[in-house]
$ cat work19.csv   # CSV, C-alpha atoms and all ligand atoms
chain,number,residue,atom,x,y,z
A,1,MET,CA,-28.6,-245.2,-176.3
A,2,ASN,CA,-25.9,-245.5,-178.9
A,3,LEU,CA,-23.8,-242.4,-178.9
A,4,GLU,CA,-21.9,-243.5,-181.9
A,5,ASN,CA,-24.9,-243.1,-184.1
A,6,LYS,CA,-25.7,-239.5,-183.0
A,7,GLY,CA,-24.7,-236.4,-184.9
A,8,LEU,CA,-22.2,-234.0,-183.4
A,9,ARG,CA,-24.8,-231.3,-182.8
A,10,GLU,CA,-27.1,-233.7,-181.1
A,11,LEU,CA,-24.3,-235.0,-178.9
A,12,PHE,CA,-23.2,-231.5,-178.1
A,13,SER,CA,-26.7,-230.6,-177.0
A,14,LEU,CA,-27.0,-233.8,-175.0
A,15,ALA,CA,-23.7,-233.2,-173.2
A,16,ASN,CA,-24.7,-229.7,-172.4
A,17,GLN,CA,-27.9,-230.8,-170.8
A,18,ILE,CA,-26.1,-233.4,-168.8
A,19,GLY,CA,-23.4,-231.0,-167.7
A,20,ASN,CA,-25.8,-228.4,-166.6
A,21,LYS,CA,-27.9,-230.8,-164.6
A,22,ARG,CA,-24.9,-232.3,-162.8
A,23,TYR,CA,-23.4,-228.9,-162.1
A,24,HIS,CA,-26.1,-228.2,-159.6
A,25,LYS,CA,-25.4,-231.4,-157.8
A,26,LEU,CA,-21.8,-230.8,-157.0
A,27,THR,CA,-20.8,-231.8,-153.6
A,28,HIS,CA,-18.0,-230.8,-151.2
A,29,GLN,CA,-16.3,-234.0,-152.3
A,30,ASP,CA,-16.3,-232.9,-155.9
A,31,PHE,CA,-14.5,-229.7,-155.0
A,32,GLU,CA,-12.0,-231.7,-152.9
A,33,LYS,CA,-11.2,-233.7,-156.1
A,34,TYR,CA,-10.7,-230.5,-157.9
A,35,ARG,CA,-8.2,-229.2,-155.3
A,36,GLU,CA,-6.5,-232.6,-155.2
A,37,PHE,CA,-5.8,-232.2,-158.9
A,38,ASP,CA,-4.3,-228.7,-158.4
A,39,TYR,CA,-2.1,-230.1,-155.7
A,40,TRP,CA,-1.0,-233.0,-157.9
A,41,ARG,CA,-0.1,-230.7,-160.8
A,42,TYR,CA,0.9,-227.5,-159.2
A,43,VAL,CA,2.4,-228.2,-155.8
A,44,ASN,CA,5.6,-226.2,-156.4
A,45,GLY,CA,4.8,-223.7,-159.2
A,46,ASP,CA,2.8,-223.0,-162.2
A,47,TYR,CA,4.3,-225.1,-164.9
A,48,GLU,CA,1.4,-226.7,-166.7
A,49,CYS,CA,2.7,-230.2,-167.0
A,50,GLY,CA,3.1,-231.2,-163.4
A,51,THR,CA,5.5,-230.2,-160.8
A,52,THR,CA,5.0,-233.2,-158.4
A,53,GLN,CA,7.2,-236.2,-159.2
A,54,GLU,CA,4.0,-238.3,-159.6
A,55,SER,CA,2.5,-235.9,-162.1
A,56,ARG,CA,5.8,-235.7,-164.1
A,57,ASP,CA,6.0,-239.5,-164.1
A,58,TRP,CA,2.4,-239.7,-165.3
A,59,VAL,CA,3.2,-237.3,-168.2
A,60,THR,CA,6.3,-239.3,-169.2
A,61,GLU,CA,4.3,-242.5,-169.2
A,62,ASN,CA,1.4,-241.0,-171.2
A,63,SER,CA,3.1,-239.1,-173.9
A,64,ASP,CA,5.9,-239.2,-176.4
A,65,SER,CA,7.7,-236.4,-178.2
A,66,TYR,CA,4.8,-235.3,-180.4
A,67,CYS,CA,1.4,-233.8,-179.7
A,68,PRO,CA,-1.2,-236.4,-180.5
A,69,ILE,CA,-3.5,-233.7,-182.1
A,70,CYS,CA,-1.3,-231.5,-184.3
A,71,GLU,CA,1.6,-234.1,-184.5
A,72,GLN,CA,4.2,-231.3,-183.9
A,73,HIS,CA,7.2,-231.7,-181.7
A,74,TYR,CA,6.3,-230.4,-178.2
A,75,SER,CA,9.4,-228.1,-178.3
A,76,VAL,CA,7.9,-226.0,-181.1
A,77,LYS,CA,4.4,-225.9,-179.6
A,78,GLY,CA,5.0,-224.5,-176.2
A,79,GLY,CA,5.7,-227.8,-174.4
A,80,LYS,CA,3.5,-230.4,-172.9
A,81,THR,CA,0.4,-229.7,-170.9
A,82,ILE,CA,-2.1,-231.9,-169.0
A,83,ASP,CA,-5.5,-231.3,-170.5
A,84,HIS,CA,-8.9,-232.4,-169.2
A,85,LYS,CA,-10.9,-233.8,-172.1
A,86,LEU,CA,-14.0,-232.8,-170.3
A,87,PRO,CA,-13.1,-229.4,-169.0
A,88,ARG,CA,-12.7,-228.9,-165.3
A,89,SER,CA,-14.9,-225.8,-165.4
A,90,GLN,CA,-17.9,-228.0,-166.4
A,91,TYR,CA,-17.0,-231.3,-164.8
A,92,PRO,CA,-14.9,-230.6,-161.7
A,93,TRP,CA,-15.7,-234.1,-160.2
A,94,LEU,CA,-13.7,-235.6,-163.1
A,95,SER,CA,-10.6,-233.5,-162.3
A,96,MET,CA,-8.7,-236.5,-160.9
A,97,ASN,CA,-10.2,-239.2,-163.2
A,98,PHE,CA,-7.3,-240.3,-165.3
A,99,HIS,CA,-9.5,-241.4,-168.1
A,100,ASN,CA,-10.2,-237.6,-168.5
A,101,LEU,CA,-6.6,-236.6,-168.8
A,102,TRP,CA,-4.3,-236.5,-171.8
A,103,VAL,CA,-1.1,-234.8,-172.7
A,104,ILE,CA,-1.3,-232.3,-175.5
A,105,CYS,CA,0.8,-229.3,-176.6
A,106,ARG,CA,0.2,-225.9,-175.1
A,107,ASP,CA,-1.0,-224.4,-178.3
A,108,CYS,CA,-3.6,-227.1,-178.8
A,109,ASN,CA,-4.7,-226.8,-175.2
A,110,GLN,CA,-5.1,-223.1,-175.5
A,111,GLU,CA,-7.1,-223.5,-178.6
A,112,LYS,CA,-9.3,-226.2,-177.0
A,113,SER,CA,-9.8,-224.0,-174.0
A,114,GLU,CA,-13.1,-224.6,-172.1
A,115,MET,CA,-14.9,-226.2,-175.0
A,116,ASN,CA,-17.3,-229.0,-174.3
A,117,TRP,CA,-15.9,-232.3,-175.8
A,118,TYR,CA,-18.4,-232.4,-178.6
A,119,GLU,CA,-18.1,-228.8,-179.3
A,120,TYR,CA,-14.3,-229.4,-179.6
A,121,GLU,CA,-14.8,-232.3,-182.0
A,122,HIS,CA,-17.1,-230.1,-184.1
A,123,TYR,CA,-14.5,-227.3,-184.0
A,124,ILE,CA,-11.8,-229.7,-185.2
A,125,PHE,CA,-14.0,-231.2,-187.8
A,126,VAL,CA,-14.7,-227.8,-189.3
A,127,ASN,CA,-11.3,-226.2,-188.9
A,128,TYR,CA,-8.8,-229.0,-189.0
A,129,HIS,CA,-10.4,-231.8,-190.8
A,130,ASP,CA,-7.2,-233.9,-191.1
A,131,TRP,CA,-6.9,-234.0,-187.3
A,132,TYR,CA,-10.5,-235.1,-186.8
A,133,PRO,CA,-9.9,-238.9,-186.7
A,134,VAL,CA,-7.4,-238.6,-183.9
A,135,VAL,CA,-9.6,-236.4,-181.8
A,136,LYS,CA,-12.6,-238.6,-182.4
A,137,ALA,CA,-10.5,-241.7,-181.3
A,138,ALA,CA,-9.6,-239.8,-178.2
A,139,ARG,CA,-13.3,-239.3,-177.3
A,140,PRO,CA,-13.7,-240.2,-173.6
A,141,LYS,CA,-16.6,-242.6,-174.2
A,142,LEU,CA,-16.7,-244.2,-170.8
A,143,LEU,CA,-16.9,-240.8,-169.1
A,144,LEU,CA,-19.5,-239.5,-171.4
A,145,HIS,CA,-21.5,-242.7,-170.8
A,146,SER,CA,-21.1,-242.2,-167.0
A,147,LEU,CA,-22.6,-238.8,-167.2
A,148,LYS,CA,-25.9,-240.3,-168.2
A,149,ASP,CA,-26.5,-241.8,-164.7
B,1,ZN,ZN,-0.7,-229.8,-180.6

$ encode --input "work19.csv" --output "structure tokens" --more "lines below"
Ligand SMILES: [Zn+2]
Amino acid sequence: MNLENKGLRELFSLANQIGNKRYHKLTHQDFEKYREFDYWRYVNGDYECGTTQESRDWVTENSDSYCPICEQHYSVKGGKTIDHKLPRSQYPWLSMNFHNLWVICRDCNQEKSEMNWYEYEHYIFVNYHDWYPVVKAARPKLLLHSLKD
């Protein structure tokens, strides 16, 4: 199946089907991953961009001074946050998969919220058309493919 050739609505519906199916198959190990992420990010507080040295280092290595989505300086957009491209609420087993993480500003993170990836692409396409190419380029293709197993 070639995901590139599918329309957004079709992809969104596909991802929903996959997500719902997987959700019933979550194991204890999946929830351990989920907790592992919380520890990695929140060990000493509630700052959204990592409080362990390792998570702070990861953020430094994987971001510059500007949010990749809105291209604003982080200082005027609530700071940096670690976002899960595929939301933890739907894909907890991907919590610690680094292909699923990216650094975006707090405002963009809050706006993205718990949207499914394709729902988010569609949202950006409709509401912030200029940002769409960047968001599309950030699509976690490998992870979305892995969901088809
Ligand atoms: Zn932003």

$ residues_near_ligand --input "work19.csv" --ligand "ligand ZN 1 (chain B)" --cutoff "9 Å" --atoms "only C-alpha atoms and all ligand atoms" --output "ChimeraX atom specification"
/A:66-74,77-78,80,104-109

$ atom_distance --input "work19.csv" --atom1 "atom CA of Leu86 of chain A" --atom2 "atom CA of Ala138 of chain A"
11.4 Å

$ closest_residue --input "work19.csv" --among "A:Ile82, A:Asn97, A:Thr27, A:Asn62" --to "Leu143 of chain A" --atoms "only C-alpha atoms"
A:Asn97

$ residues_around --input "work19.csv" --residues "Arg88 of chain A" --least-positions-apart "3" --cutoff "12 Å" --atoms "all atoms listed in the file" --output "NGL selection string"
:A and (19 or 23 or 30-31 or 33-35 or 37-38 or 82-85 or 91-97 or 100-101 or 113-117)

$ atom_distance --input "work19.csv" --atom1 "atom CA of Ser63 of chain A" --atom2 "atom CA of Gln90 of chain A"
24.9 Å

$ closest_residue --input "work19.csv" --among "A:Trp131, A:Trp102, A:Tyr123, A:Trp40" --to "Asp64 of chain A" --atoms "only C-alpha atoms"
A:Trp102

$ closest_residue --input "work19.csv" --among "A:Asp130, A:Glu119, A:His99, A:Val76" --to "Ser146 of chain A" --atoms "only C-alpha atoms"
A:His99

$ atom_distance --input "work19.csv" --atom1 "atom CA of Val134 of chain A" --atom2 "atom CA of Gly50 of chain A"
24.2 Å

$ closest_residue --input "work19.csv" --among "A:Arg41, A:Gln53, A:Pro140, A:Lys112" --to "Ile124 of chain A" --atoms "all atoms listed in the file"
A:Lys112

$ residues_around --input "work19.csv" --residues "Glu54 of chain A" --least-positions-apart "3" --cutoff "12 Å" --atoms "only C-alpha atoms" --output "JSON, numbers by chain"
{"A": [37, 39, 40, 41, 42, 43, 49, 50, 51, 57, 58, 59, 60, 61]}

$ write_last_selection --input "work19.csv" --atoms "C-alpha atoms" --output "PDB file, in the coordinates of the input"
ATOM      1  CA  PHE A  37      -5.800-232.200-158.900  1.00  0.00           C
ATOM      2  CA  TYR A  39      -2.100-230.100-155.700  1.00  0.00           C
ATOM      3  CA  TRP A  40      -1.000-233.000-157.900  1.00  0.00           C
ATOM      4  CA  ARG A  41      -0.100-230.700-160.800  1.00  0.00           C
ATOM      5  CA  TYR A  42       0.900-227.500-159.200  1.00  0.00           C
ATOM      6  CA  VAL A  43       2.400-228.200-155.800  1.00  0.00           C
ATOM      7  CA  CYS A  49       2.700-230.200-167.000  1.00  0.00           C
ATOM      8  CA  GLY A  50       3.100-231.200-163.400  1.00  0.00           C
ATOM      9  CA  THR A  51       5.500-230.200-160.800  1.00  0.00           C
ATOM     10  CA  ASP A  57       6.000-239.500-164.100  1.00  0.00           C
ATOM     11  CA  TRP A  58       2.400-239.700-165.300  1.00  0.00           C
ATOM     12  CA  VAL A  59       3.200-237.300-168.200  1.00  0.00           C
ATOM     13  CA  THR A  60       6.300-239.300-169.200  1.00  0.00           C
ATOM     14  CA  GLU A  61       4.300-242.500-169.200  1.00  0.00           C
TER      15      GLU A  61
END
